[in-house]
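Okay, query05.cif now, which holds mmCIF, C-alpha atoms:
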data_coords
loop_
_atom_site.label_atom_id
_atom_site.label_comp_id
_atom_site.auth_asym_id
_atom_site.auth_seq_id
_atom_site.Cartn_x
_atom_site.Cartn_y
_atom_site.Cartn_z
CA MET A 1 96.91 60.92 111.85
CA ILE A 2 94.42 60.42 109.04
CA ILE A 3 91.79 63.02 108.36
CA ASP A 4 88.72 62.35 106.28
CA SER A 5 87.99 64.86 103.59
CA THR A 6 85.02 65.02 101.27
CA ARG A 7 87.29 66.84 98.83
CA PHE A 8 90.48 64.80 99.05
CA GLY A 9 89.54 61.45 100.57
CA GLU A 10 91.72 60.18 103.37
CA VAL A 11 94.71 62.43 103.92
CA GLU A 12 97.60 61.46 106.15
CA VAL A 13 98.80 64.46 108.12
CA ALA A 14 101.64 64.92 110.55
CA ASP A 15 100.40 64.93 114.13
CA ASP A 16 102.40 68.02 114.97
CA ALA A 17 100.77 69.96 112.13
CA VAL A 18 97.35 69.92 113.76
CA LEU A 19 96.34 73.38 114.94
CA THR A 20 93.86 73.96 117.74
CA PHE A 21 91.37 76.79 117.34
CA PRO A 22 89.88 76.92 120.86
CA ASP A 23 87.04 79.15 119.70
CA GLY A 24 86.77 77.63 116.25
CA MET A 25 86.44 79.52 113.01
CA ILE A 26 83.58 82.01 113.14
CA GLY A 27 80.41 80.27 111.99
CA LEU A 28 82.09 76.93 111.25
CA PRO A 29 82.09 73.78 113.39
CA GLY A 30 85.11 72.16 115.01
CA ALA A 31 88.21 73.28 116.87
CA ARG A 32 91.06 71.49 115.10
CA TYR A 33 92.39 72.37 111.67
CA VAL A 34 95.30 71.51 109.44
CA LEU A 35 96.83 73.43 106.57
CA LEU A 36 96.91 71.53 103.27
CA ALA A 37 98.81 72.72 100.23
CA ALA A 38 96.32 73.31 97.41
CA SER A 39 98.77 72.53 94.61
CA PRO A 40 102.45 73.00 93.81
CA GLU A 41 103.42 76.62 93.25
CA SER A 42 100.00 77.83 94.34
CA PRO A 43 99.61 80.76 96.71
CA PHE A 44 96.52 79.06 98.11
CA TYR A 45 96.18 76.59 100.96
CA TRP A 46 93.23 74.78 102.44
CA LEU A 47 92.50 75.33 106.09
CA HIS A 48 90.86 71.97 106.57
CA SER A 49 88.93 70.72 109.59
CA ALA A 50 90.52 67.71 111.25
CA GLU A 51 87.09 66.74 112.57
CA HIS A 52 84.54 67.57 109.90
CA PRO A 53 85.26 66.04 106.48
CA GLY A 54 83.32 68.66 104.55
CA ILE A 55 84.70 71.74 106.24
CA ALA A 56 87.61 73.47 104.54
CA VAL A 57 88.22 77.03 103.40
CA PRO A 58 90.84 78.31 100.96
CA VAL A 59 93.32 80.72 102.54
CA THR A 60 96.29 82.72 101.41
CA SER A 61 98.81 85.21 102.72
CA PRO A 62 97.35 88.72 102.51
CA TRP A 63 100.72 90.31 101.71
CA LEU A 64 101.05 88.39 98.48
CA PHE A 65 98.11 90.41 97.22
CA PHE A 66 98.06 93.56 99.38
CA ALA A 67 101.51 94.90 100.15
CA ASP A 68 100.30 97.40 102.74
CA TYR A 69 97.76 95.23 104.56
CA GLU A 70 97.68 95.83 108.32
CA VAL A 71 96.40 93.69 111.15
CA ARG A 72 95.88 94.73 114.73
CA VAL A 73 95.79 91.73 117.04
CA PRO A 74 94.03 92.80 120.24
CA ASP A 75 95.93 91.99 123.45
CA GLU A 76 93.28 89.51 124.52
CA ASP A 77 93.54 87.62 121.22
CA ALA A 78 97.34 87.61 121.48
CA ARG A 79 97.08 86.25 125.00
CA ARG A 80 94.82 83.42 123.90
CA LEU A 81 97.24 82.59 121.11
CA GLU A 82 100.14 82.62 123.63
CA LEU A 83 101.70 85.09 121.25
CA ALA A 84 104.36 87.22 122.94
CA ASP A 85 106.20 88.31 119.81
CA PRO A 86 104.20 89.53 116.79
CA GLY A 87 106.93 88.04 114.63
CA ASP A 88 105.75 84.58 115.66
CA ALA A 89 102.36 85.05 114.04
CA ASP A 90 101.47 83.63 110.67
CA ILE A 91 98.53 85.43 109.16
CA PHE A 92 96.11 84.12 106.58
CA VAL A 93 92.98 85.48 104.97
CA VAL A 94 90.02 83.45 103.78
CA VAL A 95 89.43 83.35 100.03
CA ARG A 96 86.04 83.10 98.39
CA ALA A 97 86.49 81.45 95.02
CA THR A 98 84.04 81.99 92.20
CA GLU A 99 83.81 80.68 88.66
CA ARG A 100 85.68 83.65 87.31
CA LEU A 101 89.14 84.33 88.71
CA GLU A 102 88.70 88.08 88.49
CA GLU A 103 85.71 87.84 90.82
CA PHE A 104 87.54 86.05 93.64
CA THR A 105 87.21 87.92 96.92
CA VAL A 106 89.11 87.81 100.18
CA ASN A 107 88.08 88.54 103.73
CA LEU A 108 90.39 91.24 105.02
CA ALA A 109 88.18 91.92 108.07
CA GLY A 110 88.51 88.43 109.55
CA PRO A 111 92.14 87.29 109.30
CA VAL A 112 93.25 83.96 110.74
CA ILE A 113 96.18 84.26 113.14
CA VAL A 114 98.29 81.16 113.70
CA HIS A 115 100.98 80.75 116.30
CA ALA A 116 102.79 77.76 114.89
CA GLY A 117 105.04 77.36 117.92
CA ALA A 118 102.03 76.79 120.16
CA ARG A 119 99.95 75.10 117.44
CA LEU A 120 97.17 77.56 118.16
CA GLY A 121 94.97 79.45 115.76
CA ARG A 122 92.27 82.05 116.06
CA GLN A 123 90.18 84.06 113.66
CA ILE A 124 90.01 87.67 114.78
CA ILE A 125 88.04 90.72 113.76
CA ASN A 126 90.49 93.19 112.24
CA ASP A 127 88.83 96.56 112.64
CA THR A 128 91.69 98.68 111.38
CA ARG A 129 91.25 100.78 108.27
CA GLY A 130 87.71 99.64 107.57
CA TYR A 131 88.73 96.52 105.68
CA ALA A 132 85.96 94.67 103.87
CA ALA A 133 84.92 91.07 104.42
CA ARG A 134 84.53 90.71 100.68
CA HIS A 135 87.37 92.56 98.99
CA PRO A 136 88.36 91.82 95.38
CA LEU A 137 91.41 89.54 95.58
CA PHE A 138 93.01 90.64 92.35
CA SER A 139 92.53 94.37 92.77
CA GLU A 140 96.27 95.13 93.09
CA VAL A 141 98.11 92.22 91.48
CA GLU A 142 97.33 89.58 88.92
CA LEU A 143 97.64 85.88 89.58
CA ASN A 144 100.68 85.56 87.33
CA ASP A 145 102.55 88.08 89.45
CA VAL A 146 101.84 86.36 92.76
CA GLN A 147 104.76 84.46 94.21
CA ALA A 148 103.90 81.33 96.13
CA SER A 149 105.35 81.44 99.62
CA SER A 150 105.84 78.89 102.32
CA PRO A 151 104.27 79.67 105.67
CA ARG A 152 106.11 78.72 108.83
CA VAL A 153 102.98 76.90 109.90
CA PRO A 154 103.64 73.25 109.20
CA VAL A 155 101.80 72.21 106.07
CA ALA A 156 100.18 68.98 107.11
CA ALA A 157 100.00 67.39 103.69
CA GLU A 158 99.57 68.05 100.02
CA ALA A 159 95.97 67.98 98.90
CA PHE A 160 96.70 67.19 95.27
CA MET B 1 64.00 88.69 123.95
CA LEU B 2 63.82 91.63 126.32
CA VAL B 3 62.78 95.04 125.06
CA ILE B 4 63.34 98.00 127.35
CA THR B 5 63.57 101.77 127.04
CA ARG B 6 66.59 103.70 128.28
CA LYS B 7 67.37 107.38 128.35
CA SER B 8 70.71 109.04 127.72
CA GLY B 9 73.02 108.35 130.66
CA GLU B 10 71.14 105.25 131.78
CA ARG B 11 72.69 101.81 131.92
CA ILE B 12 72.00 98.16 131.31
CA CYS B 13 73.77 95.36 133.17
CA LEU B 14 74.34 91.95 131.62
CA GLY B 15 75.18 89.81 134.61
CA ASP B 16 77.76 91.10 137.08
CA GLU B 17 80.50 92.09 134.71
CA ILE B 18 79.05 93.75 131.65
CA THR B 19 77.60 97.25 131.69
CA ILE B 20 76.28 99.12 128.69
CA THR B 21 75.73 102.86 129.04
CA VAL B 22 73.70 104.97 126.65
CA LEU B 23 76.10 107.88 126.21
CA ASP B 24 74.36 109.96 123.63
CA ILE B 25 71.41 109.89 121.29
CA VAL B 26 71.60 112.00 118.15
CA GLY B 27 68.90 111.54 115.53
CA SER B 28 68.73 107.87 114.67
CA SER B 29 72.17 107.08 116.15
CA VAL B 30 72.93 105.87 119.65
CA ARG B 31 76.40 106.06 121.14
CA LEU B 32 77.04 103.25 123.61
CA GLY B 33 79.75 102.76 126.18
CA ILE B 34 80.47 99.10 126.86
CA GLU B 35 82.38 97.89 129.87
CA ALA B 36 83.16 94.20 129.73
CA PRO B 37 85.98 91.88 130.84
CA ALA B 38 88.82 91.59 128.35
CA GLU B 39 87.93 87.98 127.58
CA VAL B 40 84.47 88.96 126.34
CA PRO B 41 84.75 89.86 122.68
CA VAL B 42 82.61 92.82 121.65
CA TYR B 43 81.96 93.31 117.94
CA ARG B 44 79.64 95.35 115.81
CA HIS B 45 77.16 92.72 114.73
CA GLU B 46 77.45 93.41 111.01
CA ILE B 47 81.21 92.80 111.00
CA TRP B 48 80.87 89.52 112.85
CA ALA B 49 77.97 88.45 110.61
CA ALA B 50 79.94 89.35 107.49
CA VAL B 51 82.96 87.29 108.60
CA LYS B 52 80.68 84.37 109.42
CA ALA B 53 78.95 84.61 106.04
CA GLU B 54 82.29 84.71 104.19
CA ASN B 55 83.59 81.66 106.09
CA GLN B 56 80.47 79.71 105.29
CA ALA B 57 80.56 80.73 101.64
CA ALA B 58 84.28 79.89 101.41
CA ALA B 59 83.56 76.44 102.88
CA GLU B 60 81.47 75.72 99.79
CA THR B 61 84.55 76.02 97.57
CA GLY B 62 85.24 72.95 95.47
CA THR B 63 88.67 71.59 94.63
CA GLY B 64 88.33 72.68 91.02
CA ASP B 65 87.56 76.27 91.94
CA LEU B 66 91.13 77.25 92.82
CA PRO B 67 93.67 77.95 90.08
CA LYS B 68 96.24 75.16 89.94
CA SER B 69 99.25 77.42 89.94
CA SER B 70 100.24 80.99 89.35
#

Could you spell out this file's structure in structure tokens?
Amino acid sequence: MIIDSTRFGEVEVADDAVLTFPDGMIGLPGARYVLLAASPESPFYWLHSAEHPGIAVPVTSPWLFFADYEVRVPDEDARRLELADPGDADIFVVVRATERLEEFTVNLAGPVIVHAGARLGRQIINDTRGYAARHPLFSEVELNDVQASSPRVPVAAEAF
Amino acid sequence: MLVITRKSGERICLGDEITITVLDIVGSSVRLGIEAPAEVPVYRHEIWAAVKAENQAAAETGTGDLPKSS
């Protein structure tokens, strides 16, 4: 299918890469999203609305930046994601970019859980360990030391 | 908006399935017990509001704001 994007124009995405977020992303419109690669070798992806051309947030894997990050997925959230095995979850955190790289922050309190096998996603409130919604992204590692990784979630398209 | 006064040990019902009990009042803090069906998410408002604010701020990110590669 083709999605319209104010950032990237028309982007052709694989139909089976469209993820349904039955309850949406907290505070954002729409219930269907795709993951777009931000650029080659980049640890960042865009979680882009398949319905609203202007809605997209940068995301990354928390463990690239925080080796001991923990997430507790409440049973009810796991049920809604049809997630029987925690190993089937792909977990992303939303990045807030600023003009200066060292001031980037990341939302460790509201991770996005994706069950690729069921093409379902859900943003949860992670209340373990008092994580902040606006935590400095580069507080433990520098960008040069971050290894790009490929999520198991199908990347719908490249955004570059 | 409804404004009511409750004493320690008293309850509020929201419909048939949600009950909020005032467990304890100490100084300016109130301890609440919340009984709700599993499918009703219950969050501290400030956490939910913070996540919402971060999503909305992140949605303002432009394509040039992310580093091209590591």

TODO: Take the PyMOL selection byres ((chain A) within 8 of (chain B)), apply it to the structure above, and return the hits as JSON, numbers by chain.
DONE: {"A": [7, 25, 26, 27, 28, 38, 39, 40, 41, 42, 43, 44, 54, 55, 56, 57, 58, 76, 94, 95, 96, 97, 98, 99, 101, 107, 109, 110, 125, 133, 134, 143, 144, 145, 146, 147, 148]}

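Here atom CA of Leu23 of chain B stands at a distance of 27.8 Å from atom CA of Ala132 of chain A.
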
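Once the PyMOL selection byres ((chain A and resi 137) around 7) is applied to the shown structure, the selection contains Phe65, Phe104, Thr105, Val106, His135, Pro136, Phe138 and Ser139 of chain A.
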
Task: Separation of atom CA of Phe66 of chain A from atom CA of Arg122 of chain A in Å - done: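 Atom-to-atom, atom CA of Arg122 of chain A to atom CA of Phe66 of chain A, that is 21.1 Å.
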
Open item on the list: Translate the PyMOL selection byres ((chain B and resi 31) around 12) into a concrete residue list for this structure, as an MDAnalysis selection string.
Closed with: chainID B and resid 7:10 20:30 32:34

Open item on the list: So the first atom is atom CA of Gly130 of chain A and the second is atom CA of His45 of chain B; what is the distance between them in Å, to one decimal place?
Closed with: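 Atom CA of His45 of chain B lies 14.5 Å from atom CA of Gly130 of chain A.
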
Open item on the list: Which residues are close to Val18 of chain A, i.e. within 12 Å by only C-alpha atoms, leaving aside same-chain residues fewer than 4 positions away? Reply as JSON, numbers by chain.
Closed with: {"A": [1, 2, 3, 12, 13, 14, 31, 32, 33, 34, 35, 36, 47, 48, 49, 50, 51, 114, 115, 116, 117, 118, 119, 120, 121, 153, 154, 155, 156, 157]}

With 4 Å on each side, where is the centre of the axis-aligned box around all listed atoms of segment 47-58 of chain B, and how long are its edges in Å to one decimal, as lines of an AutoDock Vina configuration file?
center_x = 81.1
center_y = 86.3
center_z = 107.1
size_x = 14.3
size_y = 21.1
size_z = 19.4

Can you complete the atoms of segment 27-51 of chain B to N, CA, C and O atoms and list them as an mmCIF file, keeping the file's coordinate frame?
data_model
loop_
_atom_site.group_PDB
_atom_site.id
_atom_site.type_symbol
_atom_site.label_atom_id
_atom_site.label_comp_id
_atom_site.auth_asym_id
_atom_site.auth_seq_id
_atom_site.Cartn_x
_atom_site.Cartn_y
_atom_site.Cartn_z
ATOM 1 N N GLY B 27 69.692 112.015 116.669
ATOM 2 C CA GLY B 27 68.900 111.540 115.530
ATOM 3 C C GLY B 27 68.623 110.068 115.674
ATOM 4 O O GLY B 27 68.152 109.611 116.718
ATOM 5 N N SER B 28 68.987 109.303 114.634
ATOM 6 C CA SER B 28 68.730 107.870 114.670
ATOM 7 C C SER B 28 69.928 107.082 115.190
ATOM 8 O O SER B 28 69.931 105.858 115.149
ATOM 9 N N SER B 29 70.971 107.779 115.667
ATOM 10 C CA SER B 29 72.170 107.080 116.150
ATOM 11 C C SER B 29 72.258 107.096 117.668
ATOM 12 O O SER B 29 71.926 108.098 118.306
ATOM 13 N N VAL B 30 72.714 105.991 118.214
ATOM 14 C CA VAL B 30 72.930 105.870 119.650
ATOM 15 C C VAL B 30 74.392 105.584 119.890
ATOM 16 O O VAL B 30 74.965 104.698 119.264
ATOM 17 N N ARG B 31 75.018 106.346 120.784
ATOM 18 C CA ARG B 31 76.400 106.060 121.140
ATOM 19 C C ARG B 31 76.393 105.277 122.445
ATOM 20 O O ARG B 31 75.757 105.706 123.421
ATOM 21 N N LEU B 32 77.056 104.133 122.452
ATOM 22 C CA LEU B 32 77.040 103.250 123.610
ATOM 23 C C LEU B 32 78.432 103.132 124.202
ATOM 24 O O LEU B 32 79.422 103.080 123.479
ATOM 25 N N GLY B 33 78.493 103.099 125.513
ATOM 26 C CA GLY B 33 79.750 102.760 126.180
ATOM 27 C C GLY B 33 79.611 101.356 126.748
ATOM 28 O O GLY B 33 78.629 101.061 127.435
ATOM 29 N N ILE B 34 80.564 100.496 126.442
ATOM 30 C CA ILE B 34 80.470 99.100 126.860
ATOM 31 C C ILE B 34 81.648 98.769 127.763
ATOM 32 O O ILE B 34 82.806 98.940 127.367
ATOM 33 N N GLU B 35 81.334 98.350 128.966
ATOM 34 C CA GLU B 35 82.380 97.890 129.870
ATOM 35 C C GLU B 35 82.212 96.394 130.034
ATOM 36 O O GLU B 35 81.162 95.929 130.475
ATOM 37 N N ALA B 36 83.248 95.656 129.646
ATOM 38 C CA ALA B 36 83.160 94.200 129.730
ATOM 39 C C ALA B 36 84.559 93.657 130.005
ATOM 40 O O ALA B 36 85.561 94.297 129.665
ATOM 41 N N PRO B 37 84.656 92.487 130.618
ATOM 42 C CA PRO B 37 85.980 91.880 130.840
ATOM 43 C C PRO B 37 86.694 91.665 129.519
ATOM 44 O O PRO B 37 86.055 91.473 128.476
ATOM 45 N N ALA B 38 88.025 91.688 129.576
ATOM 46 C CA ALA B 38 88.820 91.590 128.350
ATOM 47 C C ALA B 38 88.517 90.314 127.579
ATOM 48 O O ALA B 38 88.627 90.277 126.355
ATOM 49 N N GLU B 39 88.130 89.252 128.285
ATOM 50 C CA GLU B 39 87.930 87.980 127.580
ATOM 51 C C GLU B 39 86.580 87.903 126.874
ATOM 52 O O GLU B 39 86.292 86.924 126.186
ATOM 53 N N VAL B 40 85.754 88.945 127.050
ATOM 54 C CA VAL B 40 84.470 88.960 126.340
ATOM 55 C C VAL B 40 84.635 89.762 125.059
ATOM 56 O O VAL B 40 84.849 90.969 125.108
ATOM 57 N N PRO B 41 84.599 89.099 123.918
ATOM 58 C CA PRO B 41 84.750 89.860 122.680
ATOM 59 C C PRO B 41 83.505 90.704 122.412
ATOM 60 O O PRO B 41 82.386 90.238 122.607
ATOM 61 N N VAL B 42 83.726 91.928 121.982
ATOM 62 C CA VAL B 42 82.610 92.820 121.650
ATOM 63 C C VAL B 42 82.807 93.263 120.203
ATOM 64 O O VAL B 42 83.844 93.831 119.862
ATOM 65 N N TYR B 43 81.863 92.937 119.343
ATOM 66 C CA TYR B 43 81.960 93.310 117.940
ATOM 67 C C TYR B 43 80.697 94.020 117.509
ATOM 68 O O TYR B 43 79.616 93.757 118.021
ATOM 69 N N ARG B 44 80.829 94.890 116.527
ATOM 70 C CA ARG B 44 79.640 95.350 115.810
ATOM 71 C C ARG B 44 79.049 94.112 115.124
ATOM 72 O O ARG B 44 79.776 93.343 114.487
ATOM 73 N N HIS B 45 77.763 93.945 115.240
ATOM 74 C CA HIS B 45 77.160 92.720 114.730
ATOM 75 C C HIS B 45 77.407 92.520 113.246
ATOM 76 O O HIS B 45 77.669 91.409 112.795
ATOM 77 N N GLU B 46 77.341 93.591 112.462
ATOM 78 C CA GLU B 46 77.450 93.410 111.010
ATOM 79 C C GLU B 46 78.823 92.910 110.594
ATOM 80 O O GLU B 46 78.965 92.182 109.615
ATOM 81 N N ILE B 47 79.877 93.288 111.346
ATOM 82 C CA ILE B 47 81.210 92.800 111.000
ATOM 83 C C ILE B 47 81.314 91.308 111.296
ATOM 84 O O ILE B 47 81.777 90.518 110.473
ATOM 85 N N TRP B 48 80.835 90.932 112.469
ATOM 86 C CA TRP B 48 80.870 89.520 112.850
ATOM 87 C C TRP B 48 80.048 88.687 111.878
ATOM 88 O O TRP B 48 80.474 87.627 111.428
ATOM 89 N N ALA B 49 78.861 89.190 111.526
ATOM 90 C CA ALA B 49 77.970 88.450 110.610
ATOM 91 C C ALA B 49 78.602 88.333 109.227
ATOM 92 O O ALA B 49 78.478 87.302 108.556
ATOM 93 N N ALA B 50 79.308 89.379 108.808
ATOM 94 C CA ALA B 50 79.940 89.350 107.490
ATOM 95 C C ALA B 50 81.066 88.318 107.463
ATOM 96 O O ALA B 50 81.220 87.564 106.494
ATOM 97 N N VAL B 51 81.866 88.269 108.531
ATOM 98 C CA VAL B 51 82.960 87.290 108.600
ATOM 99 C C VAL B 51 82.394 85.874 108.610
ATOM 100 O O VAL B 51 82.877 84.975 107.913
#
